[in-house]
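Colleague: One file: data_36.txt (compact mmCIF, C-alpha atoms and all ligand atoms).
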```txt
# COMPACT_ATOMS: atom_id res chain seq x y z
CA MET H 1 24.65 8.11 9.20
CA ALA H 2 22.86 10.39 6.73
CA PHE H 3 19.18 9.59 6.34
CA LYS H 4 17.22 11.31 3.58
CA PHE H 5 13.51 11.21 2.76
CA VAL H 6 13.44 11.56 -1.04
CA ASP H 7 11.66 9.15 -3.39
CA ASN H 8 13.42 9.35 -6.77
CA TYR H 9 12.45 7.59 -10.01
CA ARG H 10 15.27 5.09 -9.41
CA GLU H 11 13.88 4.02 -6.03
CA ARG H 12 10.30 4.02 -7.34
CA GLY H 13 11.37 1.74 -10.20
CA ALA H 14 13.28 -0.60 -7.91
CA ARG H 15 10.27 -0.82 -5.58
CA LYS H 16 7.99 -1.76 -8.49
CA LYS H 17 10.45 -4.45 -9.55
CA LEU H 18 10.54 -5.86 -6.02
CA VAL H 19 6.74 -6.16 -6.02
CA THR H 20 6.84 -8.01 -9.36
CA GLN H 21 9.54 -10.32 -8.01
CA LEU H 22 7.54 -11.11 -4.85
CA ARG H 23 4.45 -11.82 -6.95
CA ASP H 24 5.99 -13.80 -9.83
CA GLU H 25 8.99 -15.54 -8.24
CA ARG H 26 8.12 -15.79 -4.53
CA LYS H 27 4.40 -16.43 -5.20
CA ILE H 28 2.97 -13.83 -2.83
CA GLU H 29 -0.66 -13.72 -3.94
CA ASP H 30 -2.37 -11.18 -1.69
CA LYS H 31 -2.72 -8.04 -3.80
CA ARG H 32 -3.30 -5.84 -0.76
CA VAL H 33 0.02 -6.97 0.72
CA LEU H 34 1.82 -6.37 -2.60
CA ASP H 35 0.23 -2.91 -2.86
CA ALA H 36 1.45 -2.05 0.65
CA ILE H 37 5.00 -3.13 -0.27
CA GLY H 38 4.71 -1.00 -3.40
CA LYS H 39 3.84 2.01 -1.24
CA VAL H 40 6.26 1.93 1.71
CA GLN H 41 9.58 3.60 0.89
CA ARG H 42 11.97 0.94 2.21
CA HIS H 43 15.03 3.03 1.26
CA PHE H 44 14.05 5.59 3.92
CA PHE H 45 15.21 2.99 6.48
CA PHE H 46 18.71 2.90 4.93
CA ASP H 47 21.62 5.31 4.91
CA GLU H 48 21.74 6.91 1.43
CA THR H 49 25.01 5.05 0.72
CA PHE H 50 23.02 1.80 0.79
CA TRP H 51 19.93 2.83 -1.19
CA ASN H 52 21.03 0.43 -3.94
CA GLN H 53 20.40 -2.41 -1.44
CA ALA H 54 16.98 -1.24 -0.23
CA TYR H 55 14.85 -3.05 -2.83
CA ARG H 56 16.86 -6.26 -3.01
CA ASP H 57 15.02 -9.16 -1.44
CA ILE H 58 17.42 -9.40 1.48
CA ALA H 59 17.54 -8.67 5.22
CA PHE H 60 19.95 -5.82 6.05
CA PRO H 61 21.73 -4.67 9.25
CA ILE H 62 20.07 -1.79 11.12
CA GLY H 63 22.53 -1.60 14.05
CA GLU H 64 22.44 -3.12 17.54
CA GLY H 65 23.03 -6.55 15.94
CA GLN H 66 19.53 -6.50 14.39
CA THR H 67 18.16 -6.50 10.85
CA ILE H 68 15.35 -5.04 8.77
CA SER H 69 13.50 -8.19 7.68
CA GLN H 70 13.75 -9.50 4.12
CA PRO H 71 10.81 -8.18 2.01
CA TYR H 72 9.74 -11.77 1.23
CA THR H 73 9.55 -12.55 4.97
CA VAL H 74 7.53 -9.38 5.62
CA ALA H 75 5.16 -10.25 2.75
CA TYR H 76 4.87 -13.89 3.90
CA GLN H 77 4.06 -13.05 7.54
CA THR H 78 1.69 -10.24 6.58
CA GLN H 79 -0.17 -12.43 4.11
CA LEU H 80 -0.68 -15.06 6.84
CA LEU H 81 -2.16 -12.43 9.16
CA ASN H 82 -4.90 -11.55 6.64
CA ILE H 83 -5.22 -8.01 8.03
CA ARG H 84 -8.64 -6.35 7.78
CA GLU H 85 -9.25 -2.59 8.03
CA GLY H 86 -9.39 -1.66 11.73
CA ASP H 87 -7.77 -4.88 13.04
CA LYS H 88 -5.99 -4.31 16.33
CA VAL H 89 -2.51 -5.76 15.81
CA LEU H 90 0.30 -6.35 18.29
CA GLU H 91 3.76 -6.47 16.71
CA ILE H 92 6.67 -7.82 18.78
CA GLY H 93 10.01 -6.46 17.51
CA THR H 94 9.59 -3.01 15.94
CA GLY H 95 13.18 -3.07 14.62
CA SER H 96 13.40 -0.52 11.81
CA GLY H 97 9.62 -0.01 11.78
CA TYR H 98 9.30 -1.15 8.14
CA GLN H 99 6.91 -4.02 8.93
CA THR H 100 4.91 -1.63 11.14
CA CYS H 101 4.36 0.65 8.12
CA ILE H 102 3.13 -2.29 6.03
CA LEU H 103 0.56 -3.16 8.72
CA LEU H 104 -0.56 0.47 8.91
CA GLU H 105 -0.92 0.66 5.12
CA LEU H 106 -3.35 -2.29 5.41
CA GLY H 107 -5.52 -0.28 7.79
CA ALA H 108 -4.46 -1.96 11.05
CA VAL H 109 -4.31 -0.17 14.40
CA VAL H 110 -0.81 -1.16 15.48
CA TYR H 111 0.75 -1.65 18.93
CA THR H 112 4.46 -2.25 18.39
CA ILE H 113 7.11 -3.05 21.01
CA GLU H 114 10.92 -3.05 20.80
CA ARG H 115 13.37 -4.04 23.54
CA GLN H 116 16.38 -2.07 22.27
CA GLU H 117 16.09 1.58 23.17
CA LYS H 118 18.14 2.95 20.23
CA LEU H 119 15.97 1.12 17.69
CA TYR H 120 12.78 2.14 19.50
CA GLN H 121 13.84 5.82 19.45
CA ARG H 122 14.89 5.70 15.80
CA ALA H 123 11.74 3.95 14.58
CA LYS H 124 9.61 6.42 16.51
CA LEU H 125 11.42 9.37 14.92
CA PHE H 126 11.38 7.96 11.37
CA LEU H 127 7.82 6.74 11.31
CA THR H 128 6.56 10.02 12.71
CA LYS H 129 8.52 11.91 10.00
CA MET H 130 6.97 9.61 7.39
CA GLY H 131 3.48 10.26 8.76
CA TYR H 132 2.86 6.80 10.28
CA ARG H 133 1.23 6.66 13.70
CA PRO H 134 1.43 3.31 15.51
CA ASN H 135 1.42 3.03 19.31
CA PHE H 136 5.09 2.61 20.29
CA PHE H 137 6.29 0.71 23.36
CA LEU H 138 9.77 0.08 24.76
CA GLY H 139 10.37 -3.15 26.67
CA ASP H 140 10.25 -6.93 26.65
CA GLY H 141 7.48 -7.96 24.26
CA SER H 142 7.85 -11.69 24.92
CA ARG H 143 5.02 -11.30 27.46
CA GLY H 144 2.90 -9.35 24.93
CA ILE H 145 1.28 -6.11 26.17
CA ALA H 146 -1.48 -7.27 28.50
CA GLU H 147 -2.75 -3.78 29.33
CA CYS H 148 -3.79 -3.12 25.69
CA ALA H 149 -5.15 -6.67 24.96
CA PRO H 150 -7.13 -8.30 23.39
CA TYR H 151 -5.81 -8.20 19.83
CA ASP H 152 -7.21 -9.45 16.51
CA LYS H 153 -3.72 -10.39 15.37
CA ILE H 154 -0.28 -10.83 16.95
CA LEU H 155 2.89 -10.79 14.85
CA VAL H 156 6.27 -11.82 16.24
CA THR H 157 9.20 -10.72 14.06
CA ALA H 158 11.99 -12.52 15.98
CA GLY H 159 12.67 -16.25 16.39
CA ALA H 160 11.12 -17.77 19.53
CA PRO H 161 11.98 -21.06 21.29
CA PHE H 162 8.24 -21.71 21.94
CA VAL H 163 4.86 -19.98 21.60
CA PRO H 164 4.47 -17.89 24.78
CA GLU H 165 1.23 -18.94 26.50
CA ILE H 166 0.80 -15.50 28.06
CA MET H 167 0.74 -13.95 24.56
CA LEU H 168 -1.84 -16.43 23.27
CA LYS H 169 -4.21 -15.37 26.04
CA GLN H 170 -4.08 -11.82 24.62
CA LEU H 171 -5.67 -12.96 21.32
CA LYS H 172 -9.38 -12.41 20.71
CA VAL H 173 -11.39 -15.58 19.98
CA GLY H 174 -11.12 -15.85 16.18
CA GLY H 175 -7.76 -14.04 16.29
CA THR H 176 -4.48 -15.25 14.79
CA MET H 177 -0.86 -15.16 15.87
CA VAL H 178 2.08 -15.57 13.47
CA ILE H 179 5.38 -16.48 15.12
CA PRO H 180 8.63 -18.15 13.97
CA VAL H 181 9.48 -21.01 16.37
CA GLY H 182 12.64 -23.11 16.47
CA ASP H 183 16.27 -22.99 17.56
CA GLU H 184 18.95 -20.32 16.97
CA LYS H 185 19.67 -21.55 13.44
CA SER H 186 16.23 -21.96 11.90
CA GLN H 187 12.57 -21.58 12.75
CA LYS H 188 9.28 -22.85 11.34
CA MET H 189 6.66 -20.21 10.69
CA VAL H 190 3.77 -21.07 12.98
CA THR H 191 0.22 -19.73 12.90
CA VAL H 192 -1.99 -20.16 15.95
CA MET H 193 -5.69 -19.37 15.77
CA ARG H 194 -7.74 -18.96 18.95
CA VAL H 195 -10.90 -20.91 18.17
CA SER H 196 -12.56 -20.63 21.60
CA ASP H 197 -11.76 -19.43 25.12
CA THR H 198 -9.72 -22.56 25.72
CA ASP H 199 -8.83 -23.96 22.26
CA TYR H 200 -6.18 -23.05 19.74
CA GLU H 201 -5.35 -24.44 16.28
CA ARG H 202 -1.66 -24.54 15.38
CA ILE H 203 -0.21 -24.92 11.87
CA GLU H 204 3.51 -25.19 11.01
CA LEU H 205 4.66 -23.80 7.67
CA ASP H 206 7.96 -22.96 5.93
CA THR H 207 11.43 -22.57 7.45
CA PHE H 208 13.05 -19.15 8.03
CA ARG H 209 15.99 -17.67 9.91
CA PHE H 210 15.27 -14.79 12.31
CA VAL H 211 17.29 -12.96 14.95
CA PRO H 212 16.33 -14.32 18.40
CA LEU H 213 13.39 -13.18 20.50
CA VAL H 214 15.10 -12.30 23.79
CA GLY H 215 13.24 -11.98 27.06
CA ASP H 216 11.29 -13.48 29.90
CA GLN H 217 9.18 -15.79 27.68
CA ALA H 218 11.92 -16.27 25.05
CA TRP H 219 15.64 -17.00 24.79
N1 LIG L 301 10.02 -6.14 11.80
C1 LIG L 301 11.29 -5.47 11.85
C2 LIG L 301 11.55 -4.61 10.67
O1 LIG L 301 10.70 -4.54 9.78
O2 LIG L 301 12.59 -3.97 10.65
C3 LIG L 301 12.42 -6.44 11.94
C4 LIG L 301 12.58 -6.95 13.27
S1 LIG L 301 14.12 -7.70 13.64
C5 LIG L 301 14.17 -9.08 12.59
C6 LIG L 301 13.60 -8.33 15.23
C7 LIG L 301 13.48 -7.27 16.31
O3 LIG L 301 12.93 -7.88 17.48
C8 LIG L 301 14.81 -6.67 16.72
O4 LIG L 301 14.75 -5.28 16.58
C9 LIG L 301 14.95 -7.07 18.18
O5 LIG L 301 15.62 -6.11 18.98
C10 LIG L 301 13.51 -7.23 18.59
N2 LIG L 301 13.26 -8.07 19.77
C11 LIG L 301 13.87 -9.24 20.12
N3 LIG L 301 13.34 -9.70 21.28
C12 LIG L 301 12.38 -8.80 21.65
C13 LIG L 301 11.49 -8.71 22.76
N4 LIG L 301 11.45 -9.63 23.73
N5 LIG L 301 10.64 -7.66 22.83
C14 LIG L 301 10.65 -6.70 21.86
N6 LIG L 301 11.48 -6.72 20.79
C15 LIG L 301 12.33 -7.76 20.69
```
Translate this file's structure into structure tokens.

Modeller:
Amino acid sequence: MAFKFVDNYRERGARKKLVTQLRDERKIEDKRVLDAIGKVQRHFFFDETFWNQAYRDIAFPIGEGQTISQPYTVAYQTQLLNIREGDKVLEIGTGSGYQTCILLELGAVVYTIERQEKLYQRAKLFLTKMGYRPNFFLGDGSRGIAECAPYDKILVTAGAPFVPEIMLKQLKVGGTMVIPVGDEKSQKMVTVMRVSDTDYERIELDTFRFVPLVGDQAW
């Protein structure tokens, strides 16, 4: 595959249109999230042959049976996280690394983990070329990353059968996790806030369809 890092007027225009669509049709309200989507060059994650698909509001195959998430899904999950400058964020499922870039644009310090080695290597290479510097990990993220905890926010970008308890314990008090939970066909977006050492508040939101979270505390 031929990957190229050029931002032409056509791609810039398409990116602007996507932001307008997310704001006006999909009702994403957080301006900081929209600005981040307006900045990150999503076509860099696609072979040049498919640049005409990069700013459509669709998920797209990235190899290894995985997808780059739909822009609406990225905007929706990121908006729920309410990222503040300097937040320490754990992302489970690096995939292409696109969502990672959005978190970094919002000023987060990102710890991102991917279980598929090819995707991990590619995201590491691409993001470094693009000037993004998260902390990359390879392995099963369904147990979180205990050695770097606690986190202000945890974002799971694959569909889980349940909320892993071990991951919840890695949240700071006052911290929030966003995770899609359900079966193989559809998942509810769930937010869990840690309100004290022992208490959590859980809210179920809209329905989505993610690739499965695979691992010890997953499928
Ligand atoms: N956020 C990504 C992006 O912007 O491209 C999309 C992620 S894709 C929908 C979900 C990713 O989660 C896949 O790359 C998959 O390999 C990864 N994944 C699934 N189970 C995992 C696990 N237990 N630990 C780490 N990554 C996992």

Colleague: Mind pulling up the distance from CA of Ile179 (chain H) to CA of Lys17 (chain H)?

Modeller: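 CA of Ile179 (chain H) lies 27.9 Å from CA of Lys17 (chain H).
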
Colleague: Distance table requested - region 110-155 of chain H against region 187-202 of chain H, cut-off 10 Å, all atoms listed in the file: one row per qualifying residue with the closest atom pair and its distance in Å to one decimal, ordered by chain and rising residue number, as a Markdown table.

Modeller:
```
| residue | atom | partner | partner_atom | distance |
| --- | --- | --- | --- | --- |
| H:Asp152 | CA | H:Arg194 | CA | 9.8 |
| H:Lys153 | CA | H:Met193 | CA | 9.2 |
| H:Ile154 | CA | H:Val192 | CA | 9.5 |
| H:Leu155 | CA | H:Thr191 | CA | 9.5 |
```

Colleague: At what distance in Å, to one decimal, does CA of Leu213 (chain H) lie from CA of Pro164 (chain H)?

Modeller: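 CA of Pro164 (chain H) sits 11.0 Å away from CA of Leu213 (chain H).
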
Colleague: Pick the closest to ligand LIG 301 (chain L) from H:Gly13, H:Gly159, H:Pro71, H:Gly95: which is it, counting only C-alpha atoms and all ligand atoms?

Modeller: H:Gly95

Colleague: Check the smallest atom-to-atom distance from each of H:Ser142, H:Thr128, H:Thr73, H:Asn135 to ligand LIG 301 (chain L) using all atoms listed in the file, then report the winner.

Modeller: H:Ser142

Colleague: N, CA and C atoms are needed for region 112-127 of chain H; please write them out as a compact mmCIF listing (two decimals), in the frame of the given file.

Modeller:
```txt
# COMPACT_ATOMS: atom_id res chain seq x y z
N THR H 112 3.18 -1.63 18.72
CA THR H 112 4.46 -2.25 18.39
C THR H 112 5.45 -2.04 19.53
N ILE H 113 6.18 -3.12 19.87
CA ILE H 113 7.11 -3.05 21.01
C ILE H 113 8.50 -3.51 20.61
N GLU H 114 9.51 -2.77 21.09
CA GLU H 114 10.92 -3.05 20.80
C GLU H 114 11.70 -3.03 22.11
N ARG H 115 12.63 -4.00 22.28
CA ARG H 115 13.37 -4.04 23.54
C ARG H 115 14.64 -3.20 23.54
N GLN H 116 15.13 -2.84 22.34
CA GLN H 116 16.38 -2.07 22.27
C GLN H 116 16.04 -0.58 22.14
N GLU H 117 16.51 0.18 23.11
CA GLU H 117 16.09 1.58 23.17
C GLU H 117 16.47 2.39 21.93
N LYS H 118 17.70 2.16 21.39
CA LYS H 118 18.14 2.95 20.23
C LYS H 118 17.22 2.71 19.04
N LEU H 119 16.84 1.45 18.83
CA LEU H 119 15.97 1.12 17.69
C LEU H 119 14.57 1.69 17.92
N TYR H 120 14.10 1.59 19.14
CA TYR H 120 12.78 2.14 19.50
C TYR H 120 12.74 3.64 19.19
N GLN H 121 13.80 4.36 19.64
CA GLN H 121 13.84 5.82 19.45
C GLN H 121 13.89 6.15 17.96
N ARG H 122 14.72 5.39 17.22
CA ARG H 122 14.89 5.70 15.80
C ARG H 122 13.61 5.42 15.02
N ALA H 123 12.98 4.29 15.30
CA ALA H 123 11.74 3.95 14.58
C ALA H 123 10.67 5.01 14.87
N LYS H 124 10.61 5.43 16.11
CA LYS H 124 9.61 6.42 16.51
C LYS H 124 9.81 7.73 15.72
N LEU H 125 11.08 8.14 15.63
CA LEU H 125 11.42 9.37 14.92
C LEU H 125 11.10 9.24 13.42
N PHE H 126 11.55 8.15 12.81
CA PHE H 126 11.38 7.96 11.37
C PHE H 126 9.93 7.84 10.97
N LEU H 127 9.21 6.99 11.69
CA LEU H 127 7.82 6.74 11.31
C LEU H 127 6.99 8.01 11.46
```
